[in-house]
>>> print(open('final_4.txt').read())   # compact mmCIF, C-alpha atoms and all ligand atoms
# COMPACT_ATOMS: atom_id res chain seq x y z
CA MET D 1 18.86 -15.75 9.94
CA VAL D 2 15.15 -16.37 10.35
CA ALA D 3 15.82 -19.52 12.40
CA MET D 4 18.38 -17.65 14.49
CA THR D 5 15.87 -14.86 15.13
CA ARG D 6 13.15 -17.36 16.02
CA ASP D 7 15.46 -18.92 18.64
CA LEU D 8 16.44 -15.48 19.93
CA ALA D 9 12.79 -14.45 20.18
CA ARG D 10 11.89 -17.61 22.07
CA ASP D 11 14.95 -17.75 24.35
CA VAL D 12 15.65 -14.08 25.07
CA VAL D 13 12.94 -11.68 23.94
CA ALA D 14 9.91 -13.66 25.13
CA ALA D 15 11.15 -13.59 28.72
CA ARG D 16 11.19 -9.78 28.62
CA ALA D 17 8.00 -9.20 26.64
CA ASP D 18 5.51 -8.82 29.51
CA ALA D 19 7.84 -6.46 31.39
CA ILE D 20 8.52 -4.38 28.27
CA ALA D 21 4.78 -4.08 27.65
CA GLU D 22 4.32 -2.52 31.09
CA SER D 23 7.47 -0.41 31.05
CA HIS D 24 8.09 3.21 30.10
CA ASP D 25 11.81 2.56 29.69
CA PHE D 26 13.40 1.90 26.34
CA PRO D 27 14.57 -1.76 26.29
CA TRP D 28 18.28 -1.09 25.86
CA ASP D 29 19.18 -4.69 26.71
CA ILE D 30 17.18 -6.06 23.78
CA TYR D 31 18.34 -3.23 21.53
CA ARG D 32 22.01 -4.00 22.27
CA THR D 33 21.45 -7.71 21.70
CA PHE D 34 19.98 -6.91 18.29
CA CYS D 35 22.91 -4.56 17.57
CA ASP D 36 25.43 -7.27 18.48
CA LEU D 37 23.74 -9.66 16.07
CA GLY D 38 23.77 -7.09 13.27
CA LEU D 39 19.98 -6.89 13.07
CA LEU D 40 20.00 -3.09 13.00
CA GLY D 41 21.98 -3.31 9.77
CA LEU D 42 19.36 -5.31 7.89
CA PRO D 43 18.23 -2.46 5.58
CA VAL D 44 21.71 -0.93 5.17
CA PRO D 45 23.67 -2.02 2.06
CA ALA D 46 26.74 -4.20 2.69
CA GLU D 47 29.10 -1.52 1.32
CA TYR D 48 28.10 0.65 4.30
CA GLY D 49 28.55 -2.09 6.86
CA GLY D 50 25.03 -3.47 6.86
CA ILE D 51 23.50 -6.73 5.73
CA GLY D 52 21.60 -5.33 2.77
CA ALA D 53 18.80 -7.78 3.44
CA SER D 54 15.85 -8.08 1.12
CA VAL D 55 12.56 -6.61 2.30
CA LEU D 56 11.24 -10.18 2.38
CA LEU D 57 13.96 -11.32 4.78
CA GLN D 58 13.34 -8.28 6.98
CA CYS D 59 9.63 -9.11 7.04
CA LEU D 60 10.30 -12.71 8.08
CA ILE D 61 12.61 -11.55 10.86
CA ALA D 62 10.27 -8.78 12.09
CA GLU D 63 7.35 -11.22 12.10
CA GLU D 64 9.26 -13.72 14.28
CA VAL D 65 10.10 -11.08 16.87
CA ALA D 66 6.62 -9.54 16.78
CA LYS D 67 5.08 -12.91 17.60
CA VAL D 68 6.53 -12.52 21.09
CA CYS D 69 7.08 -8.75 21.56
CA SER D 70 5.83 -5.92 19.38
CA VAL D 71 8.09 -3.25 20.89
CA SER D 72 11.15 -5.40 20.23
CA ALA D 73 9.99 -5.98 16.65
CA SER D 74 9.70 -2.24 16.15
CA LEU D 75 13.38 -1.89 17.09
CA ILE D 76 14.21 -3.93 13.99
CA ALA D 77 11.47 -2.78 11.61
CA GLY D 78 11.38 0.92 12.56
CA PRO D 79 14.87 2.06 11.51
CA SER D 80 14.17 1.26 7.84
CA LEU D 81 12.03 4.38 7.67
CA ALA D 82 15.17 6.44 8.18
CA SER D 83 17.72 4.24 6.41
CA TYR D 84 15.91 3.76 3.12
CA PRO D 85 15.49 7.48 2.32
CA ILE D 86 19.23 7.96 2.87
CA VAL D 87 20.00 4.99 0.63
CA LEU D 88 17.54 6.33 -1.96
CA ALA D 89 18.35 10.02 -1.93
CA GLY D 90 21.46 10.66 0.18
CA THR D 91 24.74 12.04 -1.17
CA ASP D 92 27.85 9.86 -0.96
CA GLU D 93 29.00 11.94 1.99
CA GLN D 94 25.67 11.52 3.81
CA LYS D 95 25.72 7.78 3.20
CA GLN D 96 29.29 7.50 4.51
CA ARG D 97 28.51 9.66 7.50
CA TYR D 98 25.32 7.97 8.69
CA LEU D 99 24.73 4.51 7.23
CA PRO D 100 27.64 2.68 8.93
CA ARG D 101 26.54 3.94 12.35
CA LEU D 102 22.89 3.20 11.63
CA ALA D 103 23.97 -0.32 10.65
CA THR D 104 25.68 -0.95 13.98
CA GLY D 105 22.88 0.72 15.92
CA GLU D 106 25.35 3.18 17.45
CA LEU D 107 23.21 5.88 15.84
CA GLN D 108 19.42 5.88 15.98
CA ALA D 109 17.34 7.91 13.56
CA ALA D 110 13.82 9.31 13.85
CA PHE D 111 11.47 10.23 11.03
CA ALA D 112 9.93 13.65 11.73
CA LEU D 113 7.08 14.23 9.30
CA THR D 114 3.82 14.51 11.28
CA GLU D 115 2.71 17.84 12.74
CA PRO D 116 -0.17 18.86 14.99
CA ASN D 117 -2.12 20.24 11.99
CA ALA D 118 -0.70 17.96 9.32
CA GLY D 119 -1.09 14.22 9.89
CA SER D 120 -2.64 12.32 6.99
CA ASP D 121 -2.42 15.55 5.02
CA ASN D 122 1.29 15.80 5.72
CA ALA D 123 1.97 18.08 2.75
CA ALA D 124 0.04 20.77 4.65
CA MET D 125 2.96 21.01 7.08
CA GLU D 126 3.77 24.38 8.61
CA THR D 127 7.40 23.80 9.56
CA ARG D 128 9.55 26.16 7.50
CA ALA D 129 13.18 25.99 6.43
CA VAL D 130 14.60 29.26 5.15
CA ARG D 131 17.92 29.56 3.37
CA ASP D 132 20.42 31.83 5.14
CA GLY D 133 23.86 31.88 3.49
CA ASP D 134 25.29 28.35 3.65
CA ASP D 135 22.65 27.25 6.15
CA TYR D 136 18.94 26.66 6.47
CA VAL D 137 17.05 27.85 9.51
CA ILE D 138 14.20 25.57 10.58
CA ASP D 139 11.20 26.62 12.67
CA GLY D 140 8.15 24.52 13.50
CA HIS D 141 6.56 21.73 15.50
CA LYS D 142 6.52 17.98 14.92
CA CYS D 143 4.45 15.52 16.91
CA PHE D 144 4.20 11.78 17.54
CA ILE D 145 7.83 11.23 16.58
CA THR D 146 8.98 7.74 17.51
CA ARG D 147 12.25 7.82 19.45
CA GLY D 148 12.68 11.52 18.64
CA ASN D 149 14.21 12.04 22.09
CA ILE D 150 16.85 9.31 21.86
CA SER D 151 17.85 9.58 18.22
CA GLY D 152 21.08 11.28 17.24
CA LEU D 153 19.71 11.83 13.76
CA LEU D 154 16.36 13.41 12.90
CA MET D 155 14.99 13.24 9.39
CA VAL D 156 13.03 16.48 9.36
CA PHE D 157 10.65 17.54 6.62
CA ALA D 158 10.00 21.26 6.16
CA LYS D 159 8.52 23.66 3.62
CA THR D 160 11.24 25.38 1.60
CA ASP D 161 8.86 26.91 -0.95
CA PRO D 162 5.50 27.65 0.65
CA ASP D 163 4.13 28.98 -2.66
CA ALA D 164 4.84 25.78 -4.59
CA PRO D 165 2.06 23.34 -5.48
CA LYS D 166 1.17 21.24 -2.48
CA LEU D 167 3.34 18.13 -2.79
CA SER D 168 6.39 20.03 -3.95
CA GLY D 169 8.06 22.81 -2.02
CA ILE D 170 9.01 20.43 0.81
CA SER D 171 12.58 19.39 1.57
CA GLY D 172 14.07 16.75 3.83
CA PHE D 173 16.94 17.52 6.21
CA LEU D 174 19.28 15.24 8.13
CA VAL D 175 19.50 17.02 11.47
CA GLU D 176 22.05 15.91 14.05
CA GLN D 177 20.89 15.97 17.64
CA ASP D 178 22.94 15.71 20.82
CA VAL D 179 20.67 13.49 22.90
CA GLU D 180 22.87 13.77 25.99
CA ASN D 181 23.42 17.51 26.23
CA GLY D 182 20.68 18.98 24.09
CA THR D 183 20.92 20.82 20.79
CA PRO D 184 20.45 24.56 20.28
CA GLY D 185 17.14 25.04 18.45
CA ILE D 186 15.61 21.66 19.38
CA VAL D 187 13.29 21.15 22.34
CA VAL D 188 11.64 17.84 23.19
CA ASP D 189 8.33 19.28 24.36
CA ARG D 190 6.46 16.28 25.43
CA LEU D 191 6.75 12.54 25.99
CA GLU D 192 3.37 11.08 25.03
CA ARG D 193 1.38 8.74 27.28
CA LYS D 194 -0.09 6.00 25.12
CA MET D 195 -2.46 3.04 24.89
CA GLY D 196 0.54 0.72 24.50
CA GLN D 197 4.13 0.51 23.29
CA GLU D 198 5.20 2.96 26.00
CA ALA D 199 8.71 1.55 26.05
CA SER D 200 9.12 2.97 22.56
CA PRO D 201 9.06 6.72 23.25
CA THR D 202 6.87 9.02 21.16
CA VAL D 203 7.61 12.73 21.48
CA ALA D 204 6.72 16.20 20.27
CA LEU D 205 9.59 18.34 19.02
CA THR D 206 9.85 22.10 18.56
CA PHE D 207 12.45 23.66 16.31
CA THR D 208 13.24 27.31 16.94
CA GLY D 209 15.88 28.95 14.78
CA LEU D 210 17.44 25.53 14.27
CA ARG D 211 20.44 26.12 12.02
CA VAL D 212 21.62 23.29 9.77
CA PRO D 213 24.15 23.40 6.93
CA ALA D 214 22.75 23.31 3.40
CA THR D 215 24.64 20.03 2.98
CA ALA D 216 22.18 18.48 5.46
CA MET D 217 19.48 18.52 2.80
CA LEU D 218 18.36 15.04 1.78
CA GLY D 219 17.91 14.92 -1.98
CA ALA D 220 17.05 17.95 -4.05
CA GLU D 221 15.52 21.13 -2.71
CA ASN D 222 11.70 21.08 -2.76
CA GLU D 223 11.67 17.36 -3.56
CA GLY D 224 11.67 16.00 -0.03
CA MET D 225 8.43 14.12 -0.51
CA ARG D 226 10.23 11.83 -2.95
CA ALA D 227 11.85 10.28 0.12
CA LEU D 228 8.41 8.88 0.92
CA ARG D 229 8.95 6.42 -1.93
CA ALA D 230 10.76 4.48 0.79
CA LEU D 231 7.30 3.63 2.13
CA HIS D 232 6.94 1.00 -0.63
CA LYS D 233 9.59 -0.88 1.31
CA THR D 234 8.60 -0.04 4.86
CA ARG D 235 4.85 -0.68 4.64
CA PRO D 236 5.37 -4.43 4.07
CA LEU D 237 7.49 -4.32 7.23
CA ALA D 238 4.69 -2.67 9.20
CA ALA D 239 2.42 -5.39 7.81
CA ALA D 240 4.87 -8.08 8.95
CA VAL D 241 5.00 -6.71 12.49
CA ALA D 242 1.19 -6.66 12.62
CA LEU D 243 1.14 -10.20 11.27
CA GLY D 244 3.48 -11.30 14.04
CA ILE D 245 1.32 -9.59 16.68
CA GLY D 246 -1.79 -11.34 15.36
CA THR D 247 -0.03 -14.70 15.08
CA GLY D 248 1.27 -14.49 18.64
CA ALA D 249 -2.25 -13.84 19.94
CA TYR D 250 -3.73 -16.58 17.76
CA GLU D 251 -1.20 -19.20 18.89
CA TYR D 252 -1.71 -18.37 22.55
CA ALA D 253 -5.51 -18.52 22.23
CA ARG D 254 -5.38 -21.77 20.22
CA ASP D 255 -3.36 -23.52 22.93
CA TYR D 256 -5.54 -22.07 25.68
CA LEU D 257 -8.71 -23.48 24.11
CA LEU D 258 -7.34 -27.00 24.36
CA GLU D 259 -6.58 -26.56 28.09
CA ARG D 260 -9.51 -24.52 29.40
CA ARG D 261 -12.47 -26.67 30.39
CA GLN D 262 -16.08 -25.54 30.76
CA PHE D 263 -19.24 -27.68 30.75
CA GLY D 264 -17.02 -30.70 31.37
CA GLN D 265 -14.89 -30.44 28.25
CA PRO D 266 -12.16 -28.32 26.64
CA ILE D 267 -13.76 -25.22 25.15
CA ALA D 268 -12.04 -26.18 21.86
CA GLN D 269 -14.81 -28.76 21.52
CA PHE D 270 -17.48 -26.10 20.96
CA GLN D 271 -18.14 -25.50 17.29
CA ALA D 272 -18.72 -21.77 17.76
CA VAL D 273 -15.21 -21.54 19.20
CA GLN D 274 -13.74 -23.76 16.49
CA PHE D 275 -15.14 -21.53 13.76
CA MET D 276 -13.63 -18.46 15.37
CA VAL D 277 -10.23 -20.17 15.40
CA ALA D 278 -10.66 -21.26 11.78
CA ASP D 279 -11.46 -17.70 10.73
CA MET D 280 -8.42 -16.38 12.61
CA ALA D 281 -6.19 -18.91 10.82
CA ILE D 282 -7.69 -18.06 7.41
CA LYS D 283 -7.24 -14.32 7.89
CA LEU D 284 -3.67 -14.65 9.09
CA GLU D 285 -2.69 -16.92 6.22
CA ALA D 286 -4.21 -14.55 3.64
CA ALA D 287 -2.46 -11.57 5.24
CA ARG D 288 0.83 -13.48 5.34
CA ARG D 289 0.66 -14.29 1.61
CA LEU D 290 -0.11 -10.69 0.65
CA THR D 291 2.61 -9.33 2.95
CA TYR D 292 5.25 -11.60 1.43
CA HIS D 293 4.01 -10.72 -2.05
CA ALA D 294 4.32 -6.99 -1.30
CA ALA D 295 7.83 -7.58 0.04
CA ILE D 296 8.80 -9.44 -3.13
CA MET D 297 7.37 -6.60 -5.23
CA ALA D 298 9.40 -4.09 -3.21
CA ASP D 299 12.52 -6.22 -3.70
CA ALA D 300 11.92 -6.45 -7.45
CA GLY D 301 12.90 -2.79 -7.46
CA THR D 302 10.50 -1.84 -10.20
CA GLY D 303 8.97 0.76 -7.89
CA GLY D 304 6.00 2.48 -9.43
CA ARG D 305 2.32 1.98 -8.87
CA THR D 306 2.26 -1.81 -8.64
CA ALA D 307 4.69 -2.00 -5.73
CA GLU D 308 2.98 0.94 -4.06
CA THR D 309 -0.45 -0.68 -4.40
CA SER D 310 0.80 -4.03 -3.09
CA ALA D 311 2.48 -2.35 -0.12
CA SER D 312 -0.71 -0.49 0.78
CA MET D 313 -2.87 -3.59 0.32
CA ALA D 314 -0.59 -5.63 2.57
CA LYS D 315 -0.51 -2.89 5.18
CA VAL D 316 -4.31 -2.71 5.29
CA LEU D 317 -4.98 -6.44 5.26
CA ALA D 318 -2.29 -7.40 7.78
CA THR D 319 -3.05 -4.64 10.26
CA ASP D 320 -6.84 -5.03 10.03
CA THR D 321 -6.30 -8.78 10.46
CA ALA D 322 -4.09 -8.23 13.51
CA MET D 323 -6.81 -6.06 15.05
CA ALA D 324 -9.54 -8.63 14.32
CA VAL D 325 -7.49 -11.61 15.48
CA THR D 326 -6.27 -10.01 18.70
CA THR D 327 -9.85 -8.93 19.47
CA ASP D 328 -11.02 -12.52 19.01
CA ALA D 329 -8.10 -13.84 21.06
CA VAL D 330 -9.16 -11.66 23.99
CA GLN D 331 -12.73 -12.92 23.53
CA LEU D 332 -11.66 -16.56 23.45
CA LEU D 333 -9.86 -16.20 26.76
CA GLY D 334 -12.97 -14.68 28.32
CA GLY D 335 -12.27 -12.65 31.46
CA TYR D 336 -8.68 -13.89 31.52
CA GLY D 337 -8.15 -12.29 28.13
CA TYR D 338 -8.84 -8.90 29.67
CA MET D 339 -6.25 -9.43 32.41
CA LYS D 340 -2.66 -8.29 32.11
CA ASP D 341 -1.47 -11.65 33.45
CA PHE D 342 -2.42 -13.14 30.08
CA PRO D 343 -0.44 -12.00 27.04
CA VAL D 344 -3.24 -11.23 24.62
CA GLU D 345 -4.47 -7.84 25.84
CA ARG D 346 -1.05 -6.27 25.20
CA ARG D 347 -1.16 -7.63 21.66
CA PHE D 348 -4.67 -6.20 21.21
CA ARG D 349 -3.36 -2.76 22.23
CA ALA D 350 -0.30 -3.08 19.99
CA ALA D 351 -2.36 -4.10 16.96
CA LYS D 352 -4.35 -0.87 17.09
CA LEU D 353 -1.24 1.19 16.50
CA TYR D 354 -0.47 -0.45 13.19
CA GLN D 355 -3.81 0.56 11.69
CA ILE D 356 -2.74 4.17 12.30
CA VAL D 357 0.99 4.54 11.63
CA GLU D 358 2.77 4.80 8.28
CA GLY D 359 -0.40 6.26 6.81
CA THR D 360 -3.73 5.25 8.33
CA ASN D 361 -5.64 2.41 6.71
CA GLN D 362 -8.09 4.92 5.27
CA ILE D 363 -5.18 6.67 3.56
CA GLN D 364 -3.94 3.31 2.25
CA ARG D 365 -7.37 2.73 0.73
CA HIS D 366 -7.10 6.15 -0.93
CA ILE D 367 -3.77 5.17 -2.46
CA ILE D 368 -5.13 1.84 -3.67
CA ALA D 369 -8.31 3.36 -5.10
CA ASN D 370 -6.37 6.12 -6.82
CA ASN D 371 -3.99 3.63 -8.40
CA VAL D 372 -6.59 1.11 -9.56
CA LEU D 373 -9.03 3.75 -10.83
CA PHE D 374 -6.94 6.52 -12.29
CA ARG D 375 -3.32 5.44 -12.69
CA ARG D 376 -3.45 2.11 -14.47
C1 LIG Q 1 2.59 5.73 18.47
C2 LIG Q 1 2.72 6.56 17.22
C3 LIG Q 1 3.97 6.71 16.63
C4 LIG Q 1 4.13 7.52 15.51
N1 LIG Q 1 5.39 7.70 14.99
C5 LIG Q 1 5.58 8.62 14.00
C6 LIG Q 1 6.90 8.95 13.55
O1 LIG Q 1 7.90 8.37 13.98
N2 LIG Q 1 7.04 9.94 12.62
C7 LIG Q 1 5.98 10.61 12.11
O2 LIG Q 1 6.19 11.49 11.29
N3 LIG Q 1 4.71 10.31 12.51
C8 LIG Q 1 4.49 9.34 13.44
N4 LIG Q 1 3.21 9.05 13.87
C9 LIG Q 1 2.09 9.80 13.32
C10 LIG Q 1 1.19 8.99 12.41
O3 LIG Q 1 1.83 8.73 11.19
C11 LIG Q 1 -0.11 9.81 12.27
O4 LIG Q 1 -0.77 9.71 13.52
C12 LIG Q 1 -0.98 9.32 11.15
O5 LIG Q 1 -0.39 9.58 9.90
C13 LIG Q 1 -2.37 9.98 11.18
O6 LIG Q 1 -2.29 11.36 11.33
P1 LIG Q 1 -3.18 12.07 12.47
O7 LIG Q 1 -2.89 11.37 13.75
O8 LIG Q 1 -2.93 13.52 12.41
O9 LIG Q 1 -4.68 11.75 12.09
P2 LIG Q 1 -5.60 12.57 11.07
O10 LIG Q 1 -4.87 12.78 9.79
O11 LIG Q 1 -6.16 13.75 11.77
O12 LIG Q 1 -6.75 11.52 10.81
C14 LIG Q 1 -7.83 11.31 11.71
C15 LIG Q 1 -8.78 10.30 11.06
O13 LIG Q 1 -9.27 10.83 9.82
C16 LIG Q 1 -8.99 9.92 8.77
N5 LIG Q 1 -8.70 10.67 7.56
C17 LIG Q 1 -7.87 11.74 7.40
N6 LIG Q 1 -7.87 12.14 6.13
C18 LIG Q 1 -8.71 11.31 5.46
C19 LIG Q 1 -9.13 11.21 4.11
N7 LIG Q 1 -8.67 12.03 3.16
N8 LIG Q 1 -10.02 10.24 3.79
C20 LIG Q 1 -10.48 9.37 4.72
N9 LIG Q 1 -10.11 9.42 6.02
C21 LIG Q 1 -9.24 10.37 6.37
C22 LIG Q 1 -7.77 9.15 9.25
O14 LIG Q 1 -7.65 7.90 8.58
C23 LIG Q 1 -8.07 9.00 10.73
O15 LIG Q 1 -8.94 7.92 10.92
C24 LIG Q 1 3.01 8.18 14.95
C25 LIG Q 1 1.75 7.98 15.51
C26 LIG Q 1 1.59 7.18 16.62
C27 LIG Q 1 0.22 6.99 17.20
>>> encode(input="final_4.txt", output="structure tokens", more="lines below")
Ligand SMILES: Cc1cc2nc3c(=O)[nH]c(=O)nc-3n(C[C@H](O)[C@H](O)[C@H](O)COP(=O)(O)OP(=O)(O)OC[C@H]3O[C@@H](n4cnc5c(N)ncnc54)[C@H](O)[C@@H]3O)c2cc1C
Amino acid sequence: MVAMTRDLARDVVAARADAIAESHDFPWDIYRTFCDLGLLGLPVPAEYGGIGASVLLQCLIAEEVAKVCSVSASLIAGPSLASYPIVLAGTDEQKQRYLPRLATGELQAAFALTEPNAGSDNAAMETRAVRDGDDYVIDGHKCFITRGNISGLLMVFAKTDPDAPKLSGISGFLVEQDVENGTPGIVVDRLERKMGQEASPTVALTFTGLRVPATAMLGAENEGMRALRALHKTRPLAAAVALGIGTGAYEYARDYLLERRQFGQPIAQFQAVQFMVADMAIKLEAARRLTYHAAIMADAGTGGRTAETSASMAKVLATDTAMAVTTDAVQLLGGYGYMKDFPVERRFRAAKLYQIVEGTNQIQRHIIANNVLFRR
């Protein structure tokens, strides 16, 4: 599958990558190609029509696609954030209802956790869900929700017991959205303008009197934050996408240095340049090893602190590496690196995102420090 994806990335995705980087339109052509090949079903267990791929295999695949196009890689890596919580905490009925369609890509899902006043401190959320007979009524605002406007399923987190200690009292809900005709109680307020990745829409959502059946609850009442255990599995994937972004920039810069001549020779002959390339290669290889290790830990299924720590370490190292390597790639191309005609500046902009999403790298360091200091 990795070889197949590498060929697909080279033969199909690469040709679209520059256009996707400049576009505000979701790349449905690439999405449908991935659907046809079953790539949307990677995280979904085989009994629900997916591939049930290991986290390691998903990382290898996401990395191959990210080498050429970060938005396309996010189409494969992103859905895990919604699928894994359903696999982890969903009822049989919820699994039957959603997983087969998530596996084919017929249904897209968005993960709606972040709020205007609750980002890193997501347990401080203000969205409320109040029980009313057989339903819950949800009111609140979510922001920065990836594909929240084109997803038929929203995984919404809301306070169900505002008086409970901070990390409890929150529940997850599987909210169905009619993306064609609109849904009573859901308004897409705003489509964000961004530094990059504009073809992958990011929106703000407002819920007003949004009524969902009690059966839409994901897992037990007030235990919605347990769904975030899925992050042990998805953070290695974010790391793998960042790794691919960095590797794509590194490979382009490496080849460029052998072609570009200044002072009568290829600039690859200058030792200052050679050392930059060597450092890029070292950083990428170290990040790759840690990312694969975190994926293997996630696959081992032991959960717990060790897998969590590895996932956070990989996320930090790979995304910080992607930022450093893409910055150096722009530098190594000189003025051309700053130009949109050369495919390193888009990778530089994409890398920045991965230091922020799925918990900023400062928050990852908190998790790591907490685990190594106090939870051994
Ligand atoms: C393009 C994009 C797509 C996104 N997609 C989604 C999505 O699909 N679903 C979703 O729910 N969210 C999504 N997010 C939101 C993302 O997860 C948050 O932006 C992120 O968690 C940070 O929250 P914040 O932006 O409110 O920053 P803040 O929490 O306000 O943080 C600001 C700065 O303070 C630092 N900081 C905060 N607290 C601490 C602390 N205790 N110690 C040290 N430093 C700290 C942060 O690291 C950061 O540098 C997306 C964001 C972006 C940019």
>>> residues_around(input="final_4.txt", residues="D:Met313", least_positions_apart="5", cutoff="12 Å", atoms="only C-alpha atoms", output="JSON, numbers by chain")
{"D": [232, 235, 236, 238, 239, 286, 287, 288, 289, 290, 291, 292, 293, 294, 295, 305, 306, 307, 308, 318, 319, 320, 321, 360, 361, 362, 363, 364, 365, 366, 367, 368, 369, 371, 372]}
>>> residues_near_ligand(input="final_4.txt", ligand="ligand LIG 1 (chain Q)", cutoff="10 Å", atoms="all atoms listed in the file", output="MDAnalysis selection string")
chainID D and resid 78:79 81:82 109:122 142:148 154:157 192:198 200:204 350 352:366
>>> closest_residue(input="final_4.txt", among="D:Ala240, D:Val65, D:Val316, D:Ala89", to="D:Met217", atoms="all atoms listed in the file")
D:Ala89
>>> atom_distance(input="final_4.txt", atom1="atom CA of D:Ala9", atom2="atom CA of D:Gln331")
25.8 Å
>>> atom_distance(input="final_4.txt", atom1="atom CA of D:Ala253", atom2="atom CA of D:Ala19")
20.2 Å
>>> axis_aligned_box(input="final_4.txt", around="stretch 292-306 of chain D", padding_each_side="6 Å", output="JSON")
{"center_x": 7.6, "center_y": -4.6, "center_z": -4.4, "size_x": 22.6, "size_y": 26.1, "size_z": 23.6}
>>> build_atoms(input="final_4.txt", residues="stretch 244-255 of chain D", atoms="N, CA, C and O atoms", output="mmCIF file, in the coordinates of the input")
data_model
loop_
_atom_site.group_PDB
_atom_site.id
_atom_site.type_symbol
_atom_site.label_atom_id
_atom_site.label_comp_id
_atom_site.auth_asym_id
_atom_site.auth_seq_id
_atom_site.Cartn_x
_atom_site.Cartn_y
_atom_site.Cartn_z
ATOM 1 N N GLY D 244 2.874 -10.619 12.898
ATOM 2 C CA GLY D 244 3.480 -11.300 14.040
ATOM 3 C C GLY D 244 2.645 -11.096 15.308
ATOM 4 O O GLY D 244 2.435 -12.032 16.086
ATOM 5 N N ILE D 245 2.152 -9.873 15.495
ATOM 6 C CA ILE D 245 1.320 -9.590 16.680
ATOM 7 C C ILE D 245 0.078 -10.483 16.649
ATOM 8 O O ILE D 245 -0.280 -11.130 17.635
ATOM 9 N N GLY D 246 -0.576 -10.527 15.492
ATOM 10 C CA GLY D 246 -1.790 -11.340 15.360
ATOM 11 C C GLY D 246 -1.489 -12.820 15.546
ATOM 12 O O GLY D 246 -2.236 -13.543 16.226
ATOM 13 N N THR D 247 -0.382 -13.279 14.981
ATOM 14 C CA THR D 247 -0.030 -14.700 15.080
ATOM 15 C C THR D 247 0.269 -15.088 16.525
ATOM 16 O O THR D 247 -0.137 -16.163 16.991
ATOM 17 N N GLY D 248 0.969 -14.205 17.234
ATOM 18 C CA GLY D 248 1.270 -14.490 18.640
ATOM 19 C C GLY D 248 0.001 -14.649 19.454
ATOM 20 O O GLY D 248 -0.128 -15.569 20.285
ATOM 21 N N ALA D 249 -0.973 -13.772 19.209
ATOM 22 C CA ALA D 249 -2.250 -13.840 19.940
ATOM 23 C C ALA D 249 -3.021 -15.095 19.552
ATOM 24 O O ALA D 249 -3.587 -15.798 20.403
ATOM 25 N N TYR D 250 -3.021 -15.397 18.269
ATOM 26 C CA TYR D 250 -3.730 -16.580 17.760
ATOM 27 C C TYR D 250 -3.150 -17.860 18.378
ATOM 28 O O TYR D 250 -3.894 -18.729 18.854
ATOM 29 N N GLU D 251 -1.825 -17.970 18.383
ATOM 30 C CA GLU D 251 -1.200 -19.200 18.890
ATOM 31 C C GLU D 251 -1.470 -19.375 20.386
ATOM 32 O O GLU D 251 -1.723 -20.483 20.861
ATOM 33 N N TYR D 252 -1.438 -18.261 21.115
ATOM 34 C CA TYR D 252 -1.710 -18.370 22.550
ATOM 35 C C TYR D 252 -3.153 -18.819 22.785
ATOM 36 O O TYR D 252 -3.420 -19.729 23.576
ATOM 37 N N ALA D 253 -4.089 -18.181 22.058
ATOM 38 C CA ALA D 253 -5.510 -18.520 22.230
ATOM 39 C C ALA D 253 -5.780 -19.966 21.816
ATOM 40 O O ALA D 253 -6.499 -20.702 22.502
ATOM 41 N N ARG D 254 -5.189 -20.393 20.719
ATOM 42 C CA ARG D 254 -5.380 -21.770 20.220
ATOM 43 C C ARG D 254 -4.983 -22.788 21.295
ATOM 44 O O ARG D 254 -5.723 -23.731 21.589
ATOM 45 N N ASP D 255 -3.822 -22.574 21.911
ATOM 46 C CA ASP D 255 -3.360 -23.520 22.930
ATOM 47 C C ASP D 255 -4.244 -23.458 24.180
ATOM 48 O O ASP D 255 -4.518 -24.477 24.815
#
